Amino acid sequence: AQLWAVDADIKIRYGRISKRMSETDKVSFEKFVADEQAEFVNTDPTKPNLQALIKMADVVLYNNGTQEELFAQVNAILP
């Protein structure tokens, strides 16, 4: 089994959540960045630590483009 991580530029991720328009996604960019940073380096073992998960990943994909571009990355990795 392999662990894959998918990441994207923070501005792209914020733009995507802004388009979703759900109640929980209605935050300022500054709040979004603060929340992301807290999850990225969290030392609480009961909460996400994205930095540690990405380091553990066998494959890291960057989803900064279109869905088709992400699928192309996946297809290039699959046997």
# chains A, B, ... in the order shown; residues from 1 in each chain; ligands from 1
$ residues_around --residues "A:Gln37" --least-positions-apart "4" --cutoff "10 Å" --atoms "only C-alpha atoms" --output "count of residues only"
8
$ residues_around --residues "A:Asn63" --least-positions-apart "6" --cutoff "12 Å" --atoms "only C-alpha atoms" --output "NGL selection string"
:A and (5-13 or 16 or 69-74)
$ write_last_selection --atoms "N, CA, C and O atoms" --output "short mmCIF file (atom, residue, chain, number, x, y, z; two decimals), in the first residue's frame"
data_model
loop_
_atom_site.label_atom_id
_atom_site.label_comp_id
_atom_site.auth_asym_id
_atom_site.auth_seq_id
_atom_site.Cartn_x
_atom_site.Cartn_y
_atom_site.Cartn_z
N ALA A 5 -0.26 11.99 -0.88
CA ALA A 5 -0.70 13.28 -0.37
C ALA A 5 -1.01 14.18 -1.56
O ALA A 5 -0.31 14.12 -2.57
N VAL A 6 -2.05 14.97 -1.42
CA VAL A 6 -2.40 15.94 -2.47
C VAL A 6 -2.40 17.32 -1.82
O VAL A 6 -3.06 17.53 -0.81
N ASP A 7 -1.64 18.22 -2.40
CA ASP A 7 -1.53 19.56 -1.86
C ASP A 7 -1.78 20.56 -2.99
O ASP A 7 -1.77 20.20 -4.16
N ALA A 8 -2.02 21.80 -2.61
CA ALA A 8 -2.19 22.88 -3.59
C ALA A 8 -1.77 24.18 -2.91
O ALA A 8 -1.75 24.29 -1.68
N ASP A 9 -1.44 25.16 -3.72
CA ASP A 9 -1.09 26.47 -3.23
C ASP A 9 -2.23 27.02 -2.36
O ASP A 9 -3.41 26.82 -2.67
N ILE A 10 -1.88 27.69 -1.28
CA ILE A 10 -2.89 28.16 -0.33
C ILE A 10 -3.89 29.12 -0.97
O ILE A 10 -5.08 29.09 -0.66
N LYS A 11 -3.46 29.95 -1.89
CA LYS A 11 -4.39 30.88 -2.55
C LYS A 11 -5.37 30.11 -3.43
O LYS A 11 -6.55 30.48 -3.51
N ILE A 12 -4.92 29.06 -4.05
CA ILE A 12 -5.80 28.22 -4.88
C ILE A 12 -6.81 27.51 -3.98
O ILE A 12 -8.01 27.48 -4.27
N ARG A 13 -6.34 26.96 -2.85
CA ARG A 13 -7.27 26.29 -1.94
C ARG A 13 -8.31 27.26 -1.41
O ARG A 13 -9.49 26.92 -1.31
N ARG A 16 -10.93 27.92 -3.99
CA ARG A 16 -11.83 26.78 -4.15
C ARG A 16 -12.86 26.73 -3.03
O ARG A 16 -14.04 26.46 -3.29
N GLU A 69 -5.45 17.93 -15.22
CA GLU A 69 -4.01 17.92 -14.92
C GLU A 69 -3.71 17.04 -13.71
O GLU A 69 -2.71 16.31 -13.70
N LEU A 70 -4.58 17.07 -12.70
CA LEU A 70 -4.40 16.19 -11.55
C LEU A 70 -4.54 14.74 -11.97
O LEU A 70 -3.73 13.89 -11.59
N PHE A 71 -5.55 14.44 -12.78
CA PHE A 71 -5.75 13.07 -13.26
C PHE A 71 -4.54 12.60 -14.07
O PHE A 71 -4.15 11.43 -13.99
N ALA A 72 -3.93 13.49 -14.84
CA ALA A 72 -2.74 13.13 -15.61
C ALA A 72 -1.59 12.75 -14.68
O ALA A 72 -0.84 11.81 -14.95
N GLN A 73 -1.45 13.48 -13.57
CA GLN A 73 -0.41 13.14 -12.60
C GLN A 73 -0.67 11.75 -12.00
O GLN A 73 0.27 10.95 -11.86
N VAL A 74 -1.91 11.49 -11.66
CA VAL A 74 -2.27 10.19 -11.09
C VAL A 74 -1.99 9.09 -12.10
O VAL A 74 -1.37 8.06 -11.78
#
$ select_by_dssp --residues "chain A" --states "strand (DSSP E)" --output "MDAnalysis selection string"
chainID A and resid 4:7 59:62
$ residues_around --residues "A:Trp4" --least-positions-apart "5" --cutoff "12 Å" --atoms "only C-alpha atoms" --output "list in words"
Leu53, Ile54, Lys55, Met56, Ala57, Asp58, Val59, Val60, Leu61, Tyr62, Gln73, Val74, Ile77 and Leu78 of chain A
$ write_last_selection --atoms "C-alpha atoms" --output "short mmCIF file (atom, residue, chain, number, x, y, z; two decimals), in the first residue's frame"
data_model
loop_
_atom_site.label_atom_id
_atom_site.label_comp_id
_atom_site.auth_asym_id
_atom_site.auth_seq_id
_atom_site.Cartn_x
_atom_site.Cartn_y
_atom_site.Cartn_z
CA LEU A 53 1.46 13.34 6.88
CA ILE A 54 3.03 14.86 3.77
CA LYS A 55 6.48 13.78 4.96
CA MET A 56 5.19 10.22 5.40
CA ALA A 57 3.68 10.11 1.92
CA ASP A 58 5.19 7.92 -0.75
CA VAL A 59 3.85 10.28 -3.42
CA VAL A 60 2.99 13.99 -3.22
CA LEU A 61 0.77 15.43 -5.94
CA TYR A 62 0.25 19.16 -6.48
CA GLN A 73 -0.41 13.14 -12.60
CA VAL A 74 -2.27 10.19 -11.09
CA ILE A 77 2.14 7.24 -11.35
CA LEU A 78 -0.21 4.27 -11.64
#
$ atom_distance --atom1 "atom CA of A:Pro48" --atom2 "atom CA of A:Thr66"
26.2 Å
$ select_by_dssp --residues "chain A" --states "alpha helix (DSSP H)" --output "ChimeraX atom specification"
/A:10-20,29-40,50-56,67-77
$ atom_distance --atom1 "atom CA of A:Ile17" --atom2 "atom CA of A:Glu39"
16.3 Å
$ atom_distance --atom1 "atom CA of A:Glu68" --atom2 "atom CA of A:Thr24"
27.3 Å
$ decode --residues "stretch 60-77 of chain A" --atoms "N, CA, C and O atoms" --output "mmCIF file, in the first residue's frame"
data_model
loop_
_atom_site.group_PDB
_atom_site.id
_atom_site.type_symbol
_atom_site.label_atom_id
_atom_site.label_comp_id
_atom_site.auth_asym_id
_atom_site.auth_seq_id
_atom_site.Cartn_x
_atom_site.Cartn_y
_atom_site.Cartn_z
ATOM 1 N N VAL A 60 3.641 12.706 -3.481
ATOM 2 C CA VAL A 60 2.988 13.986 -3.224
ATOM 3 C C VAL A 60 2.591 14.573 -4.576
ATOM 4 O O VAL A 60 3.429 14.762 -5.451
ATOM 5 N N LEU A 61 1.295 14.828 -4.736
ATOM 6 C CA LEU A 61 0.768 15.434 -5.943
ATOM 7 C C LEU A 61 0.403 16.883 -5.651
ATOM 8 O O LEU A 61 -0.045 17.202 -4.551
ATOM 9 N N TYR A 62 0.587 17.743 -6.641
ATOM 10 C CA TYR A 62 0.250 19.158 -6.478
ATOM 11 C C TYR A 62 -0.934 19.483 -7.385
ATOM 12 O O TYR A 62 -0.837 19.387 -8.601
ATOM 13 N N ASN A 63 -2.041 19.839 -6.765
ATOM 14 C CA ASN A 63 -3.290 20.082 -7.459
ATOM 15 C C ASN A 63 -3.494 21.590 -7.638
ATOM 16 O O ASN A 63 -4.425 22.173 -7.107
ATOM 17 N N ASN A 64 -2.601 22.214 -8.389
ATOM 18 C CA ASN A 64 -2.680 23.652 -8.616
ATOM 19 C C ASN A 64 -3.370 23.994 -9.933
ATOM 20 O O ASN A 64 -3.582 25.166 -10.222
ATOM 21 N N GLY A 65 -3.699 22.995 -10.703
ATOM 22 C CA GLY A 65 -4.281 23.249 -12.010
ATOM 23 C C GLY A 65 -5.686 22.700 -12.127
ATOM 24 O O GLY A 65 -6.469 22.710 -11.173
ATOM 25 N N THR A 66 -5.965 22.173 -13.293
ATOM 26 C CA THR A 66 -7.295 21.638 -13.566
ATOM 27 C C THR A 66 -7.426 20.208 -13.056
ATOM 28 O O THR A 66 -6.433 19.548 -12.734
ATOM 29 N N GLN A 67 -8.652 19.749 -13.037
ATOM 30 C CA GLN A 67 -8.921 18.367 -12.653
ATOM 31 C C GLN A 67 -8.212 17.410 -13.617
ATOM 32 O O GLN A 67 -7.644 16.406 -13.193
ATOM 33 N N GLU A 68 -8.207 17.758 -14.884
ATOM 34 C CA GLU A 68 -7.560 16.909 -15.884
ATOM 35 C C GLU A 68 -6.052 16.821 -15.636
ATOM 36 O O GLU A 68 -5.443 15.771 -15.813
ATOM 37 N N GLU A 69 -5.447 17.934 -15.219
ATOM 38 C CA GLU A 69 -4.015 17.924 -14.917
ATOM 39 C C GLU A 69 -3.710 17.037 -13.706
ATOM 40 O O GLU A 69 -2.710 16.313 -13.695
ATOM 41 N N LEU A 70 -4.578 17.072 -12.698
ATOM 42 C CA LEU A 70 -4.395 16.194 -11.548
ATOM 43 C C LEU A 70 -4.538 14.736 -11.972
ATOM 44 O O LEU A 70 -3.725 13.888 -11.591
ATOM 45 N N PHE A 71 -5.553 14.440 -12.777
ATOM 46 C CA PHE A 71 -5.748 13.069 -13.261
ATOM 47 C C PHE A 71 -4.540 12.599 -14.066
ATOM 48 O O PHE A 71 -4.149 11.432 -13.986
ATOM 49 N N ALA A 72 -3.925 13.485 -14.840
ATOM 50 C CA ALA A 72 -2.737 13.125 -15.615
ATOM 51 C C ALA A 72 -1.587 12.755 -14.675
ATOM 52 O O ALA A 72 -0.842 11.806 -14.949
ATOM 53 N N GLN A 73 -1.445 13.483 -13.571
ATOM 54 C CA GLN A 73 -0.409 13.145 -12.597
ATOM 55 C C GLN A 73 -0.666 11.746 -12.003
ATOM 56 O O GLN A 73 0.267 10.952 -11.861
ATOM 57 N N VAL A 74 -1.909 11.486 -11.661
ATOM 58 C CA VAL A 74 -2.273 10.188 -11.086
ATOM 59 C C VAL A 74 -1.989 9.088 -12.099
ATOM 60 O O VAL A 74 -1.369 8.063 -11.781
ATOM 61 N N ASN A 75 -2.427 9.266 -13.335
ATOM 62 C CA ASN A 75 -2.213 8.249 -14.362
ATOM 63 C C ASN A 75 -0.747 8.001 -14.639
ATOM 64 O O ASN A 75 -0.351 6.872 -14.945
ATOM 65 N N ALA A 76 0.089 9.029 -14.505
ATOM 66 C CA ALA A 76 1.520 8.869 -14.738
ATOM 67 C C ALA A 76 2.170 8.013 -13.648
ATOM 68 O O ALA A 76 3.194 7.374 -13.885
ATOM 69 N N ILE A 77 1.581 7.990 -12.482
ATOM 70 C CA ILE A 77 2.137 7.235 -11.353
ATOM 71 C C ILE A 77 1.633 5.808 -11.301
ATOM 72 O O ILE A 77 2.341 4.896 -10.903
#
